[in-house]
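Pasted below: upload.tsv, TSV, C-alpha atoms.
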```
chain	number	residue	atom	x	y	z
A	1	MET	CA	15.52	7.38	96.73
A	2	ARG	CA	18.77	6.71	98.55
A	3	GLY	CA	21.56	9.12	97.68
A	4	LEU	CA	24.81	8.03	96.09
A	5	SER	CA	27.61	7.07	98.49
A	6	ILE	CA	31.18	8.33	98.18
A	7	LEU	CA	32.27	4.81	97.16
A	8	GLU	CA	29.62	4.59	94.46
A	9	HIS	CA	30.56	8.00	93.07
A	10	LEU	CA	34.29	7.25	92.97
A	11	SER	CA	33.76	3.69	91.72
A	12	GLY	CA	31.95	4.90	88.64
A	13	GLN	CA	34.75	7.30	87.84
A	14	LEU	CA	37.42	4.68	88.48
A	15	VAL	CA	35.82	2.02	86.26
A	16	ARG	CA	35.57	4.50	83.40
A	17	LEU	CA	39.17	5.66	83.91
A	18	CYS	CA	40.38	2.05	83.87
A	19	GLU	CA	38.62	1.59	80.53
A	20	VAL	CA	40.41	4.69	79.19
A	21	VAL	CA	43.90	3.37	80.06
A	22	GLY	CA	43.12	-0.29	79.31
A	23	THR	CA	43.42	-1.59	82.88
A	24	ASP	CA	41.23	-4.30	84.42
A	25	PRO	CA	39.22	-2.47	87.10
A	26	ALA	CA	38.97	-5.41	89.52
A	27	THR	CA	42.14	-4.73	91.53
A	28	PRO	CA	41.84	-0.92	91.48
A	29	MET	CA	38.26	-1.28	92.75
A	30	ASP	CA	39.36	-3.56	95.59
A	31	LEU	CA	42.03	-1.08	96.61
A	32	LEU	CA	39.59	1.83	96.46
A	33	ARG	CA	37.23	-0.02	98.80
A	34	ASP	CA	40.09	-0.69	101.22
A	35	LEU	CA	41.21	2.91	100.98
A	36	LEU	CA	37.77	4.31	101.83
A	37	GLY	CA	36.99	1.69	104.46
A	38	PHE	CA	33.95	2.36	106.66
A	39	ASN	CA	33.55	5.82	105.17
A	40	GLY	CA	32.83	4.44	101.71
A	41	SER	CA	29.16	3.98	102.54
A	42	ARG	CA	28.75	7.59	103.65
A	43	PRO	CA	26.11	9.36	101.47
A	44	LEU	CA	27.27	12.32	99.42
A	45	SER	CA	24.28	14.20	100.80
A	46	GLU	CA	26.17	14.41	104.09
A	47	PRO	CA	29.23	16.68	104.55
A	48	PRO	CA	32.67	15.08	104.13
A	49	ALA	CA	33.60	12.90	107.09
A	50	TRP	CA	36.98	14.64	107.36
A	51	PRO	CA	38.39	17.88	105.88
A	52	SER	CA	40.88	16.03	103.70
A	53	ASN	CA	43.35	18.21	101.81
A	54	VAL	CA	43.75	15.69	99.01
A	55	ALA	CA	41.14	17.75	97.13
A	56	ASP	CA	39.67	21.22	97.45
A	57	ASP	CA	36.19	19.90	98.26
A	58	HIS	CA	37.64	17.43	100.84
A	59	THR	CA	37.10	14.32	98.74
A	60	PRO	CA	39.78	11.96	100.16
A	61	VAL	CA	40.76	10.75	96.67
A	62	GLU	CA	42.33	12.38	93.60
A	63	PHE	CA	42.94	10.75	90.20
A	64	SER	CA	45.81	11.43	87.84
A	65	LEU	CA	46.98	10.36	84.39
A	66	ALA	CA	50.76	9.97	84.07
A	67	TYR	CA	52.25	10.20	80.58
A	68	ASN	CA	55.65	8.49	80.40
A	69	GLU	CA	58.11	8.41	77.56
A	70	GLY	CA	58.10	5.06	75.79
A	71	GLU	CA	55.10	3.48	77.53
A	72	PRO	CA	51.32	3.86	77.81
A	73	PRO	CA	49.91	6.35	80.33
A	74	ALA	CA	49.43	5.10	83.89
A	75	LEU	CA	46.40	5.68	86.09
A	76	ARG	CA	47.10	6.86	89.62
A	77	ILE	CA	45.07	7.40	92.78
A	78	LEU	CA	46.17	9.60	95.67
A	79	GLY	CA	44.18	8.93	98.81
A	80	GLU	CA	43.89	9.66	102.50
A	81	VAL	CA	42.79	6.65	104.52
A	82	LEU	CA	40.28	7.73	107.16
A	83	GLY	CA	39.76	6.19	110.56
A	84	SER	CA	36.37	5.41	112.02
A	85	PRO	CA	35.66	7.95	113.30
A	86	PRO	CA	38.20	10.09	111.42
A	87	GLY	CA	40.83	12.05	113.30
A	88	ALA	CA	44.51	12.90	112.94
A	89	GLN	CA	45.75	9.90	114.93
A	90	ALA	CA	42.96	7.59	113.78
A	91	ASN	CA	43.71	8.37	110.13
A	92	MET	CA	47.40	7.59	110.62
A	93	SER	CA	46.56	4.26	112.24
A	94	ALA	CA	44.11	3.42	109.47
A	95	ALA	CA	46.69	4.27	106.81
A	96	ASN	CA	49.29	2.01	108.43
A	97	LYS	CA	46.74	-0.81	108.58
A	98	PHE	CA	45.91	-0.27	104.89
A	99	ILE	CA	49.62	-0.42	104.02
A	100	GLY	CA	50.03	-3.64	106.02
A	101	ILE	CA	47.14	-5.31	104.22
A	102	GLN	CA	48.47	-4.37	100.78
A	103	THR	CA	52.01	-5.39	101.74
A	104	ASP	CA	50.82	-8.91	102.51
A	105	ARG	CA	48.58	-8.98	99.45
A	106	PHE	CA	51.12	-7.83	96.86
A	107	GLY	CA	54.43	-8.76	98.49
A	108	LEU	CA	55.55	-5.15	98.87
A	109	SER	CA	58.80	-4.18	100.55
A	110	THR	CA	58.58	-1.96	103.63
A	111	SER	CA	62.25	-2.07	104.62
A	112	ARG	CA	62.83	1.62	103.98
A	113	LEU	CA	59.43	2.55	105.36
A	114	ASP	CA	60.18	0.65	108.57
A	115	SER	CA	63.50	2.46	108.97
A	116	VAL	CA	61.84	5.89	109.16
A	117	ARG	CA	58.30	5.09	110.33
A	118	ASP	CA	58.98	6.18	113.92
A	119	LEU	CA	60.23	9.59	112.77
A	120	PHE	CA	56.92	10.33	111.06
A	121	ALA	CA	54.75	9.23	113.98
A	122	ALA	CA	53.22	11.48	116.61
A	123	GLU	CA	50.62	11.09	119.33
A	124	HIS	CA	48.99	14.31	118.19
A	125	PRO	CA	49.96	14.89	114.52
A	126	ARG	CA	49.97	18.51	113.40
A	127	GLY	CA	49.57	20.01	109.96
A	128	GLU	CA	47.21	19.23	107.11
A	129	PHE	CA	47.79	15.46	107.06
A	130	ALA	CA	49.95	12.70	108.53
A	131	LEU	CA	50.15	9.94	105.91
A	132	TRP	CA	48.77	9.63	102.39
A	133	CYS	CA	48.98	6.72	99.96
A	134	SER	CA	49.47	6.66	96.20
A	135	LEU	CA	48.38	3.75	94.00
A	136	VAL	CA	49.73	3.36	90.47
A	137	PHE	CA	48.15	1.09	87.87
A	138	ARG	CA	49.99	0.14	84.69
A	139	SER	CA	48.75	-2.31	82.09
A	140	ASP	CA	49.57	-5.95	82.88
A	141	ARG	CA	51.53	-5.12	86.05
A	142	ARG	CA	50.76	-5.41	89.70
A	143	PRO	CA	49.91	-2.11	91.44
A	144	GLU	CA	52.70	0.09	92.72
A	145	LEU	CA	52.31	1.84	96.07
A	146	LYS	CA	53.96	4.93	97.48
A	147	VAL	CA	53.51	6.63	100.84
A	148	TYR	CA	53.63	10.36	101.55
A	149	PHE	CA	54.66	11.51	105.02
A	150	ASN	CA	54.20	15.02	106.37
A	151	PRO	CA	57.57	16.42	107.55
A	152	GLU	CA	55.66	19.08	109.50
A	153	LEU	CA	53.54	16.71	111.60
A	154	LYS	CA	55.62	17.62	114.68
A	155	GLY	CA	55.68	21.31	113.81
A	156	VAL	CA	57.05	23.42	110.96
A	157	GLU	CA	60.19	24.24	112.92
A	158	ARG	CA	61.10	20.56	113.37
A	159	ALA	CA	60.67	19.57	109.72
A	160	PRO	CA	64.28	20.22	108.59
A	161	ASP	CA	65.81	18.10	111.36
A	162	LEU	CA	63.28	15.33	110.79
A	163	VAL	CA	64.09	15.19	107.09
A	164	VAL	CA	67.84	15.21	107.82
A	165	GLU	CA	67.49	12.19	110.10
A	166	ALA	CA	65.21	10.32	107.68
A	167	LEU	CA	67.62	10.78	104.77
A	168	HIS	CA	70.56	9.83	106.98
A	169	ARG	CA	68.87	6.54	107.92
A	170	LEU	CA	68.24	5.84	104.25
A	171	GLY	CA	71.83	6.60	103.26
A	172	LEU	CA	70.83	9.69	101.30
A	173	GLY	CA	71.90	12.47	103.62
A	174	ARG	CA	74.73	13.78	101.45
A	175	SER	CA	72.40	15.36	98.93
A	176	TYR	CA	70.22	17.20	101.44
A	177	GLN	CA	72.32	20.31	102.01
A	178	THR	CA	72.91	20.64	98.29
A	179	ILE	CA	69.17	20.60	97.73
A	180	LEU	CA	68.57	23.27	100.36
A	181	ASP	CA	71.31	25.49	98.93
A	182	HIS	CA	69.54	25.53	95.57
A	183	ALA	CA	65.87	25.20	96.48
A	184	VAL	CA	65.41	27.48	99.46
A	185	ARG	CA	65.46	31.23	99.09
A	186	PRO	CA	67.69	32.92	101.72
A	187	GLY	CA	65.97	32.98	105.09
A	188	GLU	CA	62.78	31.37	103.77
A	189	LEU	CA	63.07	27.76	105.02
A	190	GLY	CA	59.92	27.11	107.03
A	191	ARG	CA	58.40	30.36	105.78
A	192	SER	CA	57.82	30.79	102.05
A	193	ASP	CA	59.71	27.57	101.27
A	194	ARG	CA	58.32	24.57	103.15
A	195	LEU	CA	59.24	20.89	103.38
A	196	THR	CA	55.79	19.48	102.74
A	197	PHE	CA	56.08	15.85	101.56
A	198	PHE	CA	58.53	12.99	102.10
A	199	ALA	CA	57.64	10.05	99.84
A	200	LEU	CA	58.83	6.45	99.58
A	201	ASP	CA	58.22	3.76	96.97
A	202	LEU	CA	57.20	0.46	98.57
A	203	HIS	CA	59.47	-1.77	96.54
A	204	ASP	CA	63.17	-2.59	96.32
A	205	GLY	CA	63.52	-2.46	92.56
A	206	PRO	CA	66.36	-0.62	90.78
A	207	HIS	CA	64.18	2.46	90.37
A	208	ALA	CA	62.91	2.61	93.98
A	209	ARG	CA	62.77	6.27	94.96
A	210	VAL	CA	62.69	8.64	97.84
A	211	LYS	CA	61.12	11.97	96.89
A	212	LEU	CA	61.46	15.20	98.83
A	213	TYR	CA	58.91	17.93	98.06
A	214	LEU	CA	59.27	21.64	98.71
A	215	THR	CA	56.39	24.08	98.42
A	216	HIS	CA	57.36	27.53	97.14
A	217	HIS	CA	54.89	30.24	98.15
A	218	ASP	CA	54.89	33.49	96.18
A	219	ALA	CA	57.60	32.13	93.89
A	220	GLU	CA	58.59	33.15	90.39
A	221	VAL	CA	59.70	30.90	87.57
A	222	ARG	CA	63.33	31.85	88.17
A	223	ASP	CA	63.06	30.47	91.72
A	224	VAL	CA	62.15	26.96	90.57
A	225	VAL	CA	64.70	27.09	87.75
A	226	ARG	CA	67.33	27.73	90.41
A	227	ALA	CA	65.87	24.99	92.59
A	228	ALA	CA	66.14	22.48	89.75
A	229	GLY	CA	69.75	23.44	89.02
A	230	VAL	CA	71.14	20.85	91.42
A	231	VAL	CA	69.92	18.05	89.11
A	232	ASP	CA	72.19	17.21	86.18
A	233	GLY	CA	70.60	17.45	82.77
A	234	VAL	CA	67.59	19.57	83.70
A	235	ASP	CA	66.71	21.87	80.81
A	236	ALA	CA	66.08	25.25	82.44
A	237	THR	CA	64.38	26.62	79.33
A	238	GLN	CA	62.03	23.64	79.14
A	239	LEU	CA	61.16	24.02	82.82
A	240	ALA	CA	60.51	27.75	82.53
A	241	GLU	CA	58.36	27.32	79.43
A	242	PHE	CA	56.28	24.65	81.15
A	243	CYS	CA	55.57	26.87	84.16
A	244	ALA	CA	54.73	29.82	81.92
A	245	ALA	CA	52.37	27.80	79.73
A	246	ALA	CA	50.60	26.20	82.69
A	247	GLY	CA	50.38	29.15	85.05
A	248	GLY	CA	52.02	32.32	83.77
A	249	THR	CA	55.31	34.17	83.79
A	250	GLY	CA	54.98	36.35	86.88
A	251	ARG	CA	54.78	35.64	90.60
A	252	PHE	CA	52.65	32.65	91.55
A	253	GLY	CA	50.62	34.37	94.23
A	254	GLY	CA	47.69	31.94	94.23
A	255	ARG	CA	48.24	28.33	95.17
A	256	PRO	CA	51.99	27.72	95.33
A	257	LEU	CA	54.35	25.90	93.02
A	258	VAL	CA	55.69	22.61	94.36
A	259	GLY	CA	59.01	21.08	93.35
A	260	SER	CA	60.26	17.58	94.14
A	261	TYR	CA	63.64	15.86	94.05
A	262	THR	CA	64.08	12.19	93.20
A	263	LEU	CA	66.73	10.46	95.32
A	264	THR	CA	68.05	6.97	94.71
A	265	GLU	CA	70.55	4.82	96.55
A	266	GLY	CA	74.14	5.27	95.44
A	267	ALA	CA	73.69	8.77	93.98
A	268	ASP	CA	75.27	11.73	95.77
A	269	THR	CA	72.87	14.21	94.20
A	270	PRO	CA	69.21	14.00	93.10
A	271	VAL	CA	68.67	12.17	89.83
A	272	GLY	CA	65.37	13.82	88.92
A	273	TYR	CA	63.25	16.91	89.44
A	274	SER	CA	59.53	17.56	89.02
A	275	ILE	CA	57.52	20.78	89.07
A	276	TYR	CA	53.83	20.81	89.99
A	277	VAL	CA	51.77	23.77	88.81
A	278	PRO	CA	48.33	24.26	90.46
A	279	ILE	CA	46.77	25.19	87.16
A	280	ARG	CA	43.30	25.69	88.70
A	281	SER	CA	44.50	28.86	90.45
A	282	TYR	CA	45.63	30.48	87.20
A	283	VAL	CA	42.71	29.91	84.83
A	284	GLY	CA	39.14	31.14	84.68
A	285	ASP	CA	37.52	27.74	84.11
A	286	ASP	CA	38.31	24.14	83.29
A	287	ARG	CA	37.97	24.72	79.56
A	288	GLU	CA	40.90	27.08	79.73
A	289	ALA	CA	42.81	24.56	81.86
A	290	ARG	CA	42.02	21.80	79.37
A	291	ASP	CA	43.30	23.84	76.44
A	292	ARG	CA	46.54	24.62	78.27
A	293	VAL	CA	47.08	20.96	79.14
A	294	VAL	CA	46.45	19.85	75.56
A	295	ALA	CA	49.06	22.35	74.36
A	296	LEU	CA	51.56	21.14	76.99
A	297	LEU	CA	51.04	17.50	76.07
A	298	ALA	CA	51.59	18.28	72.40
A	299	ARG	CA	54.75	20.25	73.22
A	300	HIS	CA	56.17	17.25	75.04
A	301	GLY	CA	55.20	14.72	72.39
A	302	PHE	CA	52.10	13.19	73.97
A	303	ASP	CA	48.68	12.56	72.40
A	304	SER	CA	45.90	14.34	74.29
A	305	THR	CA	43.15	11.94	73.18
A	306	LEU	CA	43.39	9.84	76.35
A	307	PHE	CA	43.41	12.97	78.49
A	308	ASP	CA	40.15	14.17	76.96
A	309	ARG	CA	38.64	10.74	77.47
A	310	ALA	CA	39.81	10.76	81.11
A	311	VAL	CA	38.14	14.12	81.69
A	312	THR	CA	34.89	12.74	80.27
A	313	ALA	CA	35.26	9.66	82.49
A	314	VAL	CA	35.34	11.87	85.59
A	315	THR	CA	32.61	14.38	84.71
A	316	GLN	CA	29.81	15.05	82.25
A	317	ARG	CA	29.48	18.76	83.08
A	318	SER	CA	30.58	21.50	80.74
A	319	LEU	CA	34.16	22.49	81.45
A	320	ARG	CA	33.07	26.12	81.33
A	321	ASP	CA	30.77	25.56	84.33
A	322	GLY	CA	33.50	25.18	86.93
A	323	VAL	CA	37.18	25.40	87.81
A	324	GLY	CA	39.27	22.86	89.70
A	325	LEU	CA	38.42	19.60	87.92
A	326	ILE	CA	41.88	19.86	86.33
A	327	ALA	CA	43.78	20.60	89.51
A	328	HIS	CA	47.51	20.29	88.80
A	329	VAL	CA	49.81	19.55	85.91
A	330	SER	CA	53.39	18.41	86.48
A	331	LEU	CA	56.54	17.98	84.46
A	332	ARG	CA	58.89	15.15	85.44
A	333	LEU	CA	62.53	15.55	84.41
A	334	GLY	CA	65.13	12.81	84.74
A	335	PRO	CA	64.85	9.09	85.54
A	336	PRO	CA	63.12	6.80	86.04
A	337	ARG	CA	60.11	8.06	84.05
A	338	PRO	CA	60.27	11.56	82.56
A	339	GLY	CA	56.94	12.87	81.36
A	340	VAL	CA	53.83	14.87	82.18
A	341	THR	CA	51.11	14.12	84.73
A	342	VAL	CA	47.63	15.65	84.86
A	343	TYR	CA	45.65	15.57	88.12
A	344	LEU	CA	41.85	15.31	88.09
A	345	SER	CA	39.56	16.09	91.01
A	346	ALA	CA	36.64	13.76	91.69
A	347	GLU	CA	34.39	16.73	92.62
A	348	ALA	CA	32.35	14.41	94.81
A	349	TYR	CA	31.10	17.17	97.10
A	350	ARG	CA	31.41	20.44	95.22
A	351	VAL	CA	32.13	22.08	91.89
A	352	ASN	CA	33.87	25.40	92.30
A	353	PRO	CA	32.25	28.06	90.09
A	354	PRO	CA	34.25	29.59	87.24
A	355	ARG	CA	35.99	32.86	87.93
A	356	SER	CA	34.09	35.73	86.38
A	357	LEU	CA	36.03	38.49	88.16
A	358	ARG	CA	39.67	38.36	87.17
A	359	ILE	CA	42.58	40.74	87.42
A	360	LEU	CA	46.11	40.54	86.14
A	361	ALA	CA	48.61	40.26	88.96
A	362	ALA	CA	52.26	40.17	87.93
A	363	GLY	CA	51.26	38.73	84.57
A	364	ASN	CA	49.18	35.88	86.02
A	365	PRO	CA	45.37	35.66	85.95
A	366	VAL	CA	44.16	35.51	89.55
A	367	GLU	CA	40.61	35.42	90.84
A	368	ARG	CA	39.37	38.40	92.79
A	369	PRO	CA	38.01	36.84	96.02
A	370	THR	CA	34.25	37.11	96.41
A	371	ALA	CA	31.78	35.60	98.84
A	372	ARG	CA	31.54	32.53	96.58
A	373	THR	CA	35.23	32.05	95.81
A	374	ALA	CA	37.26	33.31	98.75
A	375	ALA	CA	37.32	29.87	100.38
A	376	ALA	CA	38.86	28.35	97.27
A	377	THR	CA	41.77	30.75	96.92
A	378	CYS	CA	43.93	29.51	99.82
```

What is this file in structure tokens?
Amino acid sequence: MRGLSILEHLSGQLVRLCEVVGTDPATPMDLLRDLLGFNGSRPLSEPPAWPSNVADDHTPVEFSLAYNEGEPPALRILGEVLGSPPGAQANMSAANKFIGIQTDRFGLSTSRLDSVRDLFAAEHPRGEFALWCSLVFRSDRRPELKVYFNPELKGVERAPDLVVEALHRLGLGRSYQTILDHAVRPGELGRSDRLTFFALDLHDGPHARVKLYLTHHDAEVRDVVRAAGVVDGVDATQLAEFCAAAGGTGRFGGRPLVGSYTLTEGADTPVGYSIYVPIRSYVGDDREARDRVVALLARHGFDSTLFDRAVTAVTQRSLRDGVGLIAHVSLRLGPPRPGVTVYLSAEAYRVNPPRSLRILAAGNPVERPTARTAAATC
């Protein structure tokens, strides 16, 4: 009997997720096929075609459920478009082709993308990725697309200057130094604090955003509270409580915290801040992660029923039998859509085993690396 392909595996999950959020699956399915391209027919019995960092098991797709104040949850897909055959340059070319097709199909705006595209291009891209795409599906609306560039594709040391030039071209350069003064620990730019994502919405609406992401290795809650301080109206207590409930109160020595700033035209400072907690590094299994997420959703006024249904749409396994299905949880503060997002791994290639050997490190539960789990702790 022929094994399931990566497209067939992800399609089943996507159709069920669309049913959960009340979205017609036809357009999401078309976009998923375009996203996977030639690699969609690859059997799951074969290793991943490319070591994509979208997911821990190298599945090039991740799902998420975004809870927004005042509107139904949105379904999102983060994906890495792969070339045929895959490679750093081939993937970048394939992603640009995918963007061009969807631009023509949905009438997207690439004016801001075009103004910085050359900055985020390289003959031999470095780093973990070059260009990722995000697809957002809301009920009775056309899909929204966002692109994620890698500021480090020309080297870690060149990332700050690249970001400066990109923001300058977009008329947003005034806020950059203010961000760095708050977000980066002294002497840690390019070391423990890294510029890891530069994202653009592909539309020209009033809420079109540029988002700048910083990854904070070995950070404490106080570090991200300080980082968020540049944004007016951010509740430091709310932010700290979210991080503590999702991951702990001590140093985040497993997978790092990631913070992002929302920049919009006409504003001298960021208008929003988000914190992303890699919850899978700070729990023993997905049941524990699920319980933490349910508590966080309740704390922020959201019903967890759809979240539980989304989890069931992605997997039928017991949540106690693995860790990593619930990968991240994020808190979005400020306009345009404050809320909570939960990220779900497709687990197409692997289910990471639950952590049976755990120690307390600085107040956070961290797995003790073993032969089975060491590869999943980076």

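Pairwise distance (CA of Ile179 (chain A), CA of Val230 (chain A)) equals 6.6 Å.
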
Would you give me, as a Markdown table, each residue of region 185-227 of chain A having an atom within 10 Å of an atom of region 87-108 of chain A, along with its shortest atom pair and that distance in Å to one decimal, using all atoms listed in the file and sorting by chain and residue number?
```
| residue | atom | partner | partner_atom | distance |
| --- | --- | --- | --- | --- |
| A:Asp201 | CA | A:Leu108 | CA | 9.5 |
| A:Leu202 | CA | A:Leu108 | CA | 5.9 |
| A:His203 | CA | A:Leu108 | CA | 5.7 |
| A:Asp204 | CA | A:Leu108 | CA | 8.4 |
```

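Neighbours of region 42-47 of chain A closer than or equal to 12 Å, with all atoms listed in the file counted and sequence neighbours fewer than 3 positions away skipped, come out as Met1, Arg2, Gly3, Leu4, Ser5, Ile6, Leu7, Glu8, His9, Leu10, Leu36, Gly37, Phe38, Asn39, Trp50, Pro51, Ser52, Asp57, His58, Thr59, Ser84, Pro85, Glu347, Ala348, Tyr349 and Arg350 of chain A.
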
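CA of Tyr276 (chain A) sits 14.8 Å away from CA of Gly334 (chain A).
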
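Among A:Arg222, A:Arg309, A:His168, A:His207, the residue with the shortest atom-to-atom distance to Pro335 (chain A), counting all atoms listed in the file, is A:His207.
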
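Picture a line from CA of Ala130 (chain A) to CA of Glu80 (chain A); it runs 9.1 Å.
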
- Message: Applying 10 Å and all atoms listed in the file, which residues near Pro338 (chain A) remain after dropping the ones on its own chain fewer than 5 positions away? List them as a PyMOL selection string.
- Response: chain A and resi 66-70+272-274+331-333

- Item | Selection near Val277 (chain A), 10 Å with only C-alpha atoms, sequence-local residues under 6 positions removed, as number ranges by chain | A: 242-248, 252, 255-259, 327-331, 342

- Message: Can you tell me which residues surround Asp193 (chain A) at a distance of at most 8 Å, considering only C-alpha atoms, apart from same-chain residues fewer than 5 positions away, and format the answer as a list in words?
- Response: Val184, Arg185, Glu188, Leu214, Thr215, His216 and His217 of chain A

- When distances are computed from only C-alpha atoms, which of A:Gly173, A:Ser115, A:Asp161, A:Leu35 shows the smallest separation from Cys133 (chain A)? A:Leu35

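Distances here use all atoms listed in the file; by that measure, the residue among A:Arg280, A:Arg194, A:Arg287, A:Arg142 closest to Arg158 (chain A) is A:Arg194.
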
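Using all atoms listed in the file, the shortest contact distance between Asp285 (chain A) and any of A:Gly250, A:Gly324, A:Gly301, A:Gly190 is found at A:Gly324.
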
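By chain and then residue number, the residues within 12 Å of Val164 (chain A) are Val116, Leu119, Pro151, Arg158, Ala159, Arg169, Leu170, Gly171, Leu172, Gly173, Arg174, Ser175, Tyr176, Gln177, Ile179, Leu180, Leu195, Phe198 and Leu212 of chain A, counting only C-alpha atoms and disregarding those fewer than 5 positions away in sequence.
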
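When all atoms listed in the file are used to compute distances to Val294 (chain A), the closest of the residues A:Thr341, A:Ser260, A:Gln238, A:Ser109 turns out to be A:Thr341.
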